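This is run.txt (compact mmCIF, C-alpha atoms).
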```txt
# COMPACT_ATOMS: atom_id res chain seq x y z
CA MET A 1 -75.50 -22.72 -10.63
CA ASN A 2 -76.98 -22.50 -14.13
CA ALA A 3 -80.08 -24.50 -13.23
CA LEU A 4 -80.90 -22.10 -10.44
CA LEU A 5 -80.22 -19.04 -12.56
CA ALA A 6 -82.78 -20.28 -15.09
CA LEU A 7 -85.54 -20.70 -12.51
CA PRO A 8 -88.47 -18.27 -12.46
CA GLN A 9 -88.54 -15.81 -9.59
CA ALA A 10 -91.34 -15.65 -7.03
CA GLU A 11 -92.25 -12.10 -8.05
CA ASP A 12 -92.66 -12.80 -11.74
CA GLU A 13 -95.68 -10.67 -12.61
CA ALA A 14 -95.08 -7.54 -14.71
CA PRO A 15 -94.57 -4.76 -12.15
CA SER A 16 -95.38 -1.07 -12.43
CA GLN A 17 -92.44 1.34 -12.54
CA ALA A 18 -92.91 2.13 -8.84
CA GLU A 19 -93.00 -1.58 -7.99
CA ALA A 20 -89.96 -2.28 -10.17
CA ALA A 21 -88.05 0.54 -8.46
CA TYR A 22 -89.09 -0.77 -5.05
CA ARG A 23 -88.01 -4.35 -5.76
CA GLN A 24 -84.67 -3.43 -7.28
CA LEU A 25 -83.77 -0.91 -4.61
CA ARG A 26 -85.00 -3.22 -1.84
CA ASP A 27 -82.83 -6.11 -3.00
CA LYS A 28 -79.78 -3.85 -3.39
CA LEU A 29 -80.25 -2.81 0.24
CA ILE A 30 -80.77 -6.40 1.43
CA MET A 31 -77.70 -7.73 -0.39
CA LEU A 32 -75.62 -4.72 0.79
CA GLU A 33 -74.99 -3.45 -2.72
CA ILE A 34 -76.05 -0.26 -0.96
CA ARG A 35 -74.10 -0.36 2.30
CA PRO A 36 -75.62 0.46 5.71
CA GLY A 37 -75.41 4.21 6.33
CA GLU A 38 -74.81 5.00 2.65
CA PRO A 39 -76.70 8.02 1.26
CA ILE A 40 -79.37 7.40 -1.37
CA ASN A 41 -79.69 10.01 -4.10
CA GLU A 42 -83.05 9.85 -5.89
CA GLY A 43 -81.69 11.21 -9.15
CA GLN A 44 -78.73 8.85 -9.20
CA VAL A 45 -80.88 5.83 -8.37
CA ALA A 46 -83.41 6.79 -11.05
CA ALA A 47 -80.61 7.04 -13.64
CA GLU A 48 -79.10 3.69 -12.58
CA LEU A 49 -82.47 1.91 -12.77
CA GLY A 50 -83.56 3.68 -15.95
CA LEU A 51 -86.69 5.00 -14.23
CA GLY A 52 -88.14 8.39 -13.37
CA ARG A 53 -87.75 10.18 -10.05
CA THR A 54 -91.42 9.72 -9.11
CA PRO A 55 -91.41 5.89 -8.96
CA VAL A 56 -88.09 5.99 -7.11
CA ARG A 57 -89.53 8.46 -4.59
CA GLU A 58 -92.55 6.18 -4.08
CA ALA A 59 -90.23 3.21 -3.63
CA ILE A 60 -88.20 5.03 -0.99
CA LYS A 61 -91.37 5.78 1.01
CA ARG A 62 -92.18 2.07 1.07
CA LEU A 63 -88.62 1.19 2.03
CA GLU A 64 -88.89 3.50 5.04
CA VAL A 65 -91.83 1.41 6.25
CA ASP A 66 -89.68 -1.70 5.72
CA HIS A 67 -86.95 -0.18 7.95
CA LEU A 68 -84.42 -0.40 5.11
CA VAL A 69 -83.97 3.35 4.62
CA ILE A 70 -84.39 6.40 6.83
CA SER A 71 -84.91 10.03 5.82
CA TYR A 72 -83.80 13.08 7.78
CA PRO A 73 -85.05 16.64 7.13
CA ARG A 74 -82.42 18.73 5.30
CA ARG A 75 -79.95 15.80 5.41
CA GLY A 76 -81.38 13.32 2.94
CA THR A 77 -82.12 9.60 2.80
CA PHE A 78 -79.76 6.85 3.96
CA ALA A 79 -79.66 3.07 4.12
CA THR A 80 -80.42 2.08 7.69
CA ASN A 81 -77.67 0.65 9.84
CA VAL A 82 -77.92 -3.04 10.74
CA ASP A 83 -78.80 -3.39 14.41
CA PHE A 84 -77.82 -6.84 15.65
CA THR A 85 -79.92 -6.34 18.77
CA GLU A 86 -82.97 -6.75 16.48
CA LEU A 87 -81.98 -10.34 15.65
CA ALA A 88 -83.95 -11.81 18.57
CA ASP A 89 -87.06 -9.76 17.75
CA VAL A 90 -86.96 -10.69 14.05
CA SER A 91 -86.33 -14.35 14.85
CA GLU A 92 -89.18 -14.45 17.35
CA ILE A 93 -91.65 -13.34 14.68
CA ARG A 94 -90.21 -15.64 12.02
CA GLU A 95 -90.30 -18.66 14.36
CA LEU A 96 -94.06 -18.17 14.60
CA LEU A 97 -94.87 -17.23 11.01
CA GLU A 98 -92.45 -19.29 8.89
CA PRO A 99 -93.96 -22.62 10.06
CA LEU A 100 -97.44 -21.20 9.46
CA ALA A 101 -96.51 -20.23 5.89
CA ALA A 102 -94.93 -23.64 5.22
CA ARG A 103 -97.98 -25.43 6.63
CA ARG A 104 -100.38 -23.34 4.55
CA ALA A 105 -98.26 -23.80 1.44
CA ALA A 106 -98.29 -27.58 1.90
CA LYS A 107 -102.08 -27.50 2.11
CA ARG A 108 -102.94 -24.81 -0.43
CA ALA A 109 -100.27 -24.71 -3.13
CA SER A 110 -101.55 -25.21 -6.67
CA GLU A 111 -100.30 -28.14 -8.73
CA GLY A 112 -98.27 -25.73 -10.85
CA MET A 113 -96.67 -24.24 -7.76
CA ARG A 114 -95.86 -27.71 -6.39
CA ARG A 115 -94.06 -28.55 -9.63
CA GLU A 116 -92.14 -25.29 -9.40
CA LEU A 117 -91.12 -26.01 -5.79
CA LEU A 118 -89.83 -29.45 -6.80
CA GLN A 119 -87.93 -27.90 -9.69
CA VAL A 120 -86.19 -25.54 -7.28
CA ALA A 121 -85.49 -28.38 -4.84
CA ASP A 122 -83.87 -30.46 -7.59
CA ALA A 123 -81.73 -27.52 -8.73
CA ILE A 124 -80.49 -26.87 -5.18
CA ALA A 125 -79.79 -30.57 -4.64
CA GLU A 126 -77.48 -30.53 -7.67
CA LEU A 127 -75.22 -27.89 -6.12
CA GLY A 128 -71.87 -29.32 -5.13
CA PRO A 129 -70.29 -28.56 -1.73
CA GLY A 130 -69.03 -24.98 -1.70
CA GLN A 131 -70.36 -24.34 -5.20
CA GLY A 132 -71.24 -20.73 -5.91
CA GLU A 133 -70.43 -17.42 -4.29
CA SER A 134 -71.95 -16.92 -0.85
CA ARG A 135 -73.78 -13.76 -1.89
CA ASP A 136 -75.29 -15.50 -4.92
CA LEU A 137 -76.44 -18.35 -2.69
CA MET A 138 -78.20 -15.87 -0.44
CA ARG A 139 -80.16 -14.65 -3.45
CA TYR A 140 -81.45 -18.19 -3.88
CA ASP A 141 -82.34 -18.27 -0.20
CA LEU A 142 -84.51 -15.21 -0.75
CA MET A 143 -86.08 -16.82 -3.82
CA VAL A 144 -86.98 -20.02 -1.96
CA HIS A 145 -88.60 -18.20 0.93
CA ARG A 146 -90.59 -15.94 -1.37
CA LEU A 147 -91.84 -18.95 -3.34
CA ILE A 148 -93.09 -20.63 -0.17
CA TYR A 149 -94.78 -17.41 0.99
CA LYS A 150 -96.46 -17.11 -2.39
CA ALA A 151 -97.58 -20.75 -2.27
CA ALA A 152 -99.18 -20.11 1.14
CA ALA A 153 -101.85 -18.06 -0.68
CA ASN A 154 -102.29 -15.41 1.99
CA PRO A 155 -101.10 -12.01 0.71
CA HIS A 156 -101.03 -10.47 4.20
CA LEU A 157 -98.88 -13.27 5.56
CA GLU A 158 -96.72 -13.11 2.43
CA SER A 159 -96.00 -9.38 2.68
CA THR A 160 -95.27 -9.61 6.41
CA LEU A 161 -92.86 -12.51 6.03
CA ILE A 162 -91.07 -10.95 3.07
CA ARG A 163 -90.37 -7.89 5.21
CA TYR A 164 -88.90 -9.90 8.09
CA ASP A 165 -87.01 -12.30 5.85
CA ASN A 166 -85.47 -9.26 4.16
CA LEU A 167 -84.25 -7.94 7.52
CA ALA A 168 -82.90 -11.37 8.50
CA THR A 169 -81.08 -11.77 5.18
CA ARG A 170 -79.52 -8.33 5.56
CA ILE A 171 -78.14 -9.33 8.97
CA TRP A 172 -76.78 -12.53 7.43
CA CYS A 173 -75.08 -10.60 4.62
CA VAL A 174 -73.29 -8.34 7.10
CA VAL A 175 -71.59 -11.36 8.72
CA LEU A 176 -71.30 -13.40 5.53
CA ASP A 177 -67.50 -13.36 5.50
CA LYS A 178 -67.43 -14.77 9.05
CA VAL A 179 -69.79 -17.68 8.35
CA PRO A 180 -67.84 -20.87 7.49
CA SER A 181 -70.30 -22.03 4.83
CA VAL A 182 -73.56 -20.81 3.35
CA SER A 183 -74.17 -23.88 1.19
CA GLY A 184 -75.43 -25.94 4.15
CA HIS A 185 -77.97 -23.23 4.97
CA ILE A 186 -79.19 -23.31 1.36
CA THR A 187 -79.36 -27.11 1.01
CA GLU A 188 -81.64 -27.24 4.08
CA HIS A 189 -84.31 -25.99 1.69
CA VAL A 190 -84.39 -29.23 -0.33
CA ASP A 191 -86.32 -31.26 2.26
CA LEU A 192 -88.50 -28.26 3.10
CA LEU A 193 -89.49 -27.69 -0.52
CA LYS A 194 -90.19 -31.40 -1.03
CA ALA A 195 -92.35 -31.55 2.09
CA VAL A 196 -94.39 -28.57 0.91
CA ALA A 197 -94.74 -30.02 -2.58
CA ALA A 198 -95.82 -33.38 -1.13
CA GLY A 199 -98.48 -31.73 1.02
CA ASP A 200 -96.88 -32.86 4.29
CA ALA A 201 -97.92 -29.88 6.39
CA ASP A 202 -96.53 -31.09 9.73
CA LYS A 203 -93.10 -31.90 8.32
CA ALA A 204 -92.99 -28.64 6.35
CA ALA A 205 -93.79 -26.61 9.47
CA GLU A 206 -91.16 -28.48 11.51
CA LEU A 207 -88.45 -27.99 8.88
CA ALA A 208 -89.32 -24.30 8.50
CA LEU A 209 -88.94 -23.79 12.26
CA ASN A 210 -85.63 -25.66 12.31
CA HIS A 211 -84.34 -23.53 9.45
CA VAL A 212 -85.14 -20.27 11.23
CA THR A 213 -83.66 -21.37 14.56
CA SER A 214 -80.47 -22.66 12.91
CA PHE A 215 -80.14 -19.29 11.16
CA GLU A 216 -80.23 -17.43 14.46
CA GLU A 217 -77.79 -19.86 16.08
CA THR A 218 -75.32 -19.47 13.21
CA ILE A 219 -75.43 -15.69 13.40
CA ARG A 220 -74.96 -15.63 17.17
CA LYS A 221 -71.86 -17.82 16.89
CA VAL A 222 -70.07 -15.25 14.74
CA LEU A 223 -71.21 -12.07 16.49
```
Could you express the structure from this file as structure tokens?
Amino acid sequence: MNALLALPQAEDEAPSQAEAAYRQLRDKLIMLEIRPGEPINEGQVAAELGLGRTPVREAIKRLEVDHLVISYPRRGTFATNVDFTELADVSEIRELLEPLAARRAAKRASEGMRRELLQVADAIAELGPGQGESRDLMRYDLMVHRLIYKAAANPHLESTLIRYDNLATRIWCVVLDKVPSVSGHITEHVDLLKAVAAGDADKAAELALNHVTSFEETIRKVL
């Protein structure tokens, strides 16, 4: 796993405090480090992240829009529950937009980005069967998707897909212990990343669609 741990993340620009709070809190919610239904205390979160209350408060407002937290008057803020009935709706959107992002990335990625995608593909290919904890592997899944969205060079498409991929990953994490293997889901990315890097737009779009549909099928089998 060391090669993957050393890879740069998709969101590698220096963020503001509000952006840093948003990203850290968002990923804790996605990976269920903050469990569904768990209360979120602004002061406690600010202390844990080493940030002030104001950036944390701004982050929470954004996370409400992302449907990751919900606030109730006089009760406080809580991590949203995971609603499995949303799986079809989320998948429907991703089945349309993930191939579009992969196709655009294959056509528009810079040479530097293509090298980075190949670097990630090589690192994933080196993973042995069953290597790595399932939750760690899901972090790499997030990283791969975010890299492809970034390579697509459309910030509106990128932000939309990040939001829906986050919701999909959260659903996956809820059933993670029931899924026989996550490694196969992760290694599917190798051919996808190579197709994008090679500029093969049709193949990239096809592989992206297959990846999303196989995700939904896997989840439905364990529900």
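Excluding A:Gly43 itself and any same-chain residue fewer than 2 positions from it, the protein and nucleic acid residues within 12 Å of it, counting all atoms listed in the file, are Pro39, Ile40, Asn41, Val45, Ala46, Ala47, Glu48, Leu49, Gly50, Leu51, Gly52, Arg53, Thr54, Pro55, Val56 and Arg57 of chain A.
Separating atom CA of A:Lys150 from atom CA of A:Val69 is a distance of 25.0 Å.
We find atom CA of A:Glu86 and atom CA of A:Pro99 to be spaced 20.3 Å apart.
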**Message:** What does the structure give for the distance between atom CA of A:Val222 and atom CA of A:Val179, in Å to one decimal?
**Reply:** 6.8 Å
**Message:** Give me, as JSON, numbers by chain, all polymer residues having an atom no more than 12 Å from A:Val65, counting all atoms listed in the file and skipping those fewer than 2 positions away in the same chain.
**Reply:** {"A": [22, 26, 58, 59, 60, 61, 62, 63, 67, 68, 69, 70, 71, 80, 160, 163, 164]}
**Asked** Which residues come within 7 Å of A:Glu38, counting all atoms listed in the file, excluding same-chain residues fewer than 4 positions away, as number ranges by chain?
**Response** A: 34, 78-79
